$ cat run12.pdb   # PDB, C-alpha atoms
MODEL        1
ATOM      1  CA  MET A 233     -19.361  -7.442   6.069
ATOM      2  CA  ASP A 234     -18.949  -9.975   3.303
ATOM      3  CA  GLY A 235     -15.892  -8.844   1.403
ATOM      4  CA  PHE A 236     -12.690  -6.874   1.181
ATOM      5  CA  ARG A 237     -10.953  -4.433  -1.141
ATOM      6  CA  MET A 238      -7.211  -4.697  -0.806
ATOM      7  CA  ASP A 239      -4.656  -2.198  -2.095
ATOM      8  CA  ALA A 240      -1.022  -2.660  -3.108
ATOM      9  CA  VAL A 241      -1.045  -6.458  -2.922
ATOM     10  CA  LYS A 242       2.029  -6.624  -5.165
ATOM     11  CA  HIS A 243       3.955  -5.372  -2.121
ATOM     12  CA  MET A 244       2.673  -8.206   0.096
ATOM     13  CA  ALA A 245       3.763 -11.829   0.113
ATOM     14  CA  PRO A 246       1.260 -13.780  -2.018
ATOM     15  CA  VAL A 247       1.298 -16.672   0.450
ATOM     16  CA  PHE A 248       0.196 -14.274   3.205
ATOM     17  CA  ILE A 249      -2.801 -13.072   1.164
ATOM     18  CA  LYS A 250      -3.816 -16.629   0.313
ATOM     19  CA  LEU A 251      -3.474 -17.945   3.875
ATOM     20  CA  TRP A 252      -5.080 -14.876   5.479
ATOM     21  CA  LEU A 253      -8.160 -15.115   3.263
ATOM     22  CA  GLN A 254      -8.319 -18.870   3.833
ATOM     23  CA  TYR A 255      -8.106 -18.350   7.599
ATOM     24  CA  LEU A 256     -10.861 -15.715   7.593
ATOM     25  CA  GLY A 257     -13.120 -17.939   5.522
ATOM     26  CA  GLU A 258     -12.658 -20.859   7.894
ATOM     27  CA  GLU A 259     -12.891 -18.746  11.061
ATOM     28  CA  PHE A 260     -16.140 -17.002  10.066
ATOM     29  CA  ASN A 261     -17.527 -19.730   7.790
ATOM     30  CA  ILE A 262     -17.945 -17.181   4.974
ATOM     31  CA  ASN A 263     -16.531 -17.169   1.478
ATOM     32  CA  PHE A 264     -15.522 -13.497   1.457
ATOM     33  CA  PHE A 265     -15.523 -11.753  -1.915
ATOM     34  CA  THR A 266     -12.185 -10.005  -2.272
ATOM     35  CA  VAL A 267     -10.932  -7.687  -4.980
ATOM     36  CA  SER A 268      -7.367  -6.450  -4.955
ATOM     37  CA  LYS A 269      -5.350  -3.771  -6.653
ATOM     38  CA  TYR A 270      -2.158  -5.060  -8.255
ATOM     39  CA  TRP A 271      -1.088  -2.020 -10.260
ATOM     40  CA  LYS A 272       0.572  -3.647 -13.262
ATOM     41  CA  THR A 273      -0.505  -3.527 -16.905
ATOM     42  CA  ASP A 274       1.237  -6.765 -17.885
ATOM     43  CA  VAL A 275      -1.528  -9.371 -17.989
ATOM     44  CA  ASN A 276       0.922 -12.275 -17.682
ATOM     45  CA  THR A 277       2.168 -10.911 -14.360
ATOM     46  CA  LEU A 278      -1.410 -10.685 -13.097
ATOM     47  CA  ILE A 279      -2.246 -14.209 -14.265
ATOM     48  CA  LYS A 280       0.891 -15.562 -12.588
ATOM     49  CA  TYR A 281      -0.085 -13.800  -9.342
ATOM     50  CA  LEU A 282      -3.583 -15.291  -9.479
ATOM     51  CA  ASP A 283      -2.078 -18.736 -10.062
ATOM     52  CA  VAL A 284       0.225 -18.378  -7.053
ATOM     53  CA  ILE A 285      -2.611 -17.370  -4.722
ATOM     54  CA  GLU A 286      -4.964 -19.903  -6.344
ATOM     55  CA  SER A 287      -7.401 -17.112  -7.257
ATOM     56  CA  ALA A 288      -8.128 -16.319  -3.602
ATOM     57  CA  THR A 289      -8.904 -12.762  -4.736
ATOM     58  CA  GLN A 290     -10.037 -11.048  -7.892
ATOM     59  CA  LEU A 291      -7.952  -8.273  -9.407
ATOM     60  CA  PHE A 292      -8.930  -4.904 -10.794
ATOM     61  CA  ASN A 293      -8.401  -4.731 -14.548
ATOM     62  CA  VAL A 294      -5.589  -2.176 -14.658
ATOM     63  CA  SER A 295      -5.136  -2.503 -18.432
ATOM     64  CA  LEU A 296      -8.795  -1.611 -18.940
ATOM     65  CA  HIS A 297      -8.332   1.433 -16.712
ATOM     66  CA  PHE A 298      -5.483   2.675 -18.907
ATOM     67  CA  ASN A 299      -7.443   1.927 -22.083
ATOM     68  CA  PHE A 300     -10.338   4.039 -20.807
ATOM     69  CA  TYR A 301      -7.919   6.793 -19.820
ATOM     70  CA  GLU A 302      -6.255   6.827 -23.246
ATOM     71  CA  ALA A 303      -9.640   6.826 -24.988
ATOM     72  CA  SER A 304     -10.775   9.783 -22.868
ATOM     73  CA  GLN A 305      -7.708  11.780 -23.909
ATOM     74  CA  LYS A 306      -8.237  11.352 -27.661
ATOM     75  CA  LYS A 307     -10.110  13.916 -29.663
ATOM     76  CA  LEU A 308     -13.343  12.740 -31.169
ATOM     77  CA  THR A 309     -13.544  13.210 -34.900
ATOM     78  CA  MET A 310     -16.928  13.565 -36.498
ATOM     79  CA  ILE A 311     -17.598  11.526 -39.614
TER
ENDMDL
END
$ encode --input "run12.pdb" --output "structure tokens"
Amino acid sequence: MDGFRMDAVKHMAPVFIKLWLQYLGEEFNINFFTVSKYWKTDVNTLIKYLDVIESATQLFNVSLHFNFYEASQKKLTMI
């Protein structure tokens, strides 16, 4: 195993996530790749979260998800 996918991180203390990932990296001498789901479309909130945890994890692009969803719901018009 060389990484983690974490759900609902907005419900966990950011300091816990940061310290837990730091501990695992030191304990196993591996820089684990981690991607987390922070279900919020406001990019500023996501950037602030990443700043707080010092980018210890990557985040799914929730805004992109919603953009794809909205695009899939629109009717295509032929030119």
$ closest_residue --input "run12.pdb" --among "A:Ser287, A:Gln305, A:Ser295, A:Asn276" --to "A:Gln254" --atoms "only C-alpha atoms"
A:Ser287
$ resolve_selection --input "run12.pdb" --expression "the PyMOL selection byres ((chain A and resi 269) around 10)" --output "short mmCIF file (atom, residue, chain, number, x, y, z; two decimals) with C-alpha atoms, keeping the file's coordinate frame"
data_model
loop_
_atom_site.label_atom_id
_atom_site.label_comp_id
_atom_site.auth_asym_id
_atom_site.auth_seq_id
_atom_site.Cartn_x
_atom_site.Cartn_y
_atom_site.Cartn_z
CA ARG A 237 -10.95 -4.43 -1.14
CA MET A 238 -7.21 -4.70 -0.81
CA ASP A 239 -4.66 -2.20 -2.10
CA ALA A 240 -1.02 -2.66 -3.11
CA VAL A 241 -1.04 -6.46 -2.92
CA LYS A 242 2.03 -6.62 -5.16
CA VAL A 267 -10.93 -7.69 -4.98
CA SER A 268 -7.37 -6.45 -4.96
CA TYR A 270 -2.16 -5.06 -8.26
CA TRP A 271 -1.09 -2.02 -10.26
CA LYS A 272 0.57 -3.65 -13.26
CA THR A 289 -8.90 -12.76 -4.74
CA GLN A 290 -10.04 -11.05 -7.89
CA LEU A 291 -7.95 -8.27 -9.41
CA PHE A 292 -8.93 -4.90 -10.79
CA ASN A 293 -8.40 -4.73 -14.55
CA VAL A 294 -5.59 -2.18 -14.66
#
$ atom_distance --input "run12.pdb" --atom1 "atom CA of A:Ile285" --atom2 "atom CA of A:Pro246"
5.9 Å
$ atom_distance --input "run12.pdb" --atom1 "atom CA of A:Leu253" --atom2 "atom CA of A:Glu286"
11.2 Å
$ closest_residue --input "run12.pdb" --among "A:Phe298, A:Tyr281, A:Ile262, A:Gly257" --to "A:His243" --atoms "all atoms listed in the file"
A:Tyr281
$ decode --input "run12.pdb" --residues "stretch 274-293 of chain A" --atoms "C-alpha atoms" --output "PDB file, in the first residue's frame"
ATOM      1  CA  ASP A 274     -16.170  27.018  -2.656  1.00  0.00           C
ATOM      2  CA  VAL A 275     -12.563  26.979  -3.854  1.00  0.00           C
ATOM      3  CA  ASN A 276     -11.435  29.440  -1.171  1.00  0.00           C
ATOM      4  CA  THR A 277     -12.595  27.053   1.550  1.00  0.00           C
ATOM      5  CA  LEU A 278     -10.619  24.235  -0.064  1.00  0.00           C
ATOM      6  CA  ILE A 279      -7.495  26.378  -0.427  1.00  0.00           C
ATOM      7  CA  LYS A 280      -7.750  27.454   3.215  1.00  0.00           C
ATOM      8  CA  TYR A 281      -8.057  23.797   4.273  1.00  0.00           C
ATOM      9  CA  LEU A 282      -4.979  22.857   2.244  1.00  0.00           C
ATOM     10  CA  ASP A 283      -3.067  25.735   3.836  1.00  0.00           C
ATOM     11  CA  VAL A 284      -4.028  24.602   7.341  1.00  0.00           C
ATOM     12  CA  ILE A 285      -2.890  21.021   6.735  1.00  0.00           C
ATOM     13  CA  GLU A 286       0.148  22.225   4.759  1.00  0.00           C
ATOM     14  CA  SER A 287      -1.009  20.253   1.703  1.00  0.00           C
ATOM     15  CA  ALA A 288      -0.577  16.912   3.483  1.00  0.00           C
ATOM     16  CA  THR A 289      -3.298  15.560   1.179  1.00  0.00           C
ATOM     17  CA  GLN A 290      -4.697  16.366  -2.223  1.00  0.00           C
ATOM     18  CA  LEU A 291      -8.385  17.120  -2.637  1.00  0.00           C
ATOM     19  CA  PHE A 292     -10.891  15.936  -5.197  1.00  0.00           C
ATOM     20  CA  ASN A 293     -12.030  18.769  -7.451  1.00  0.00           C
TER      21      ASN A 293
END
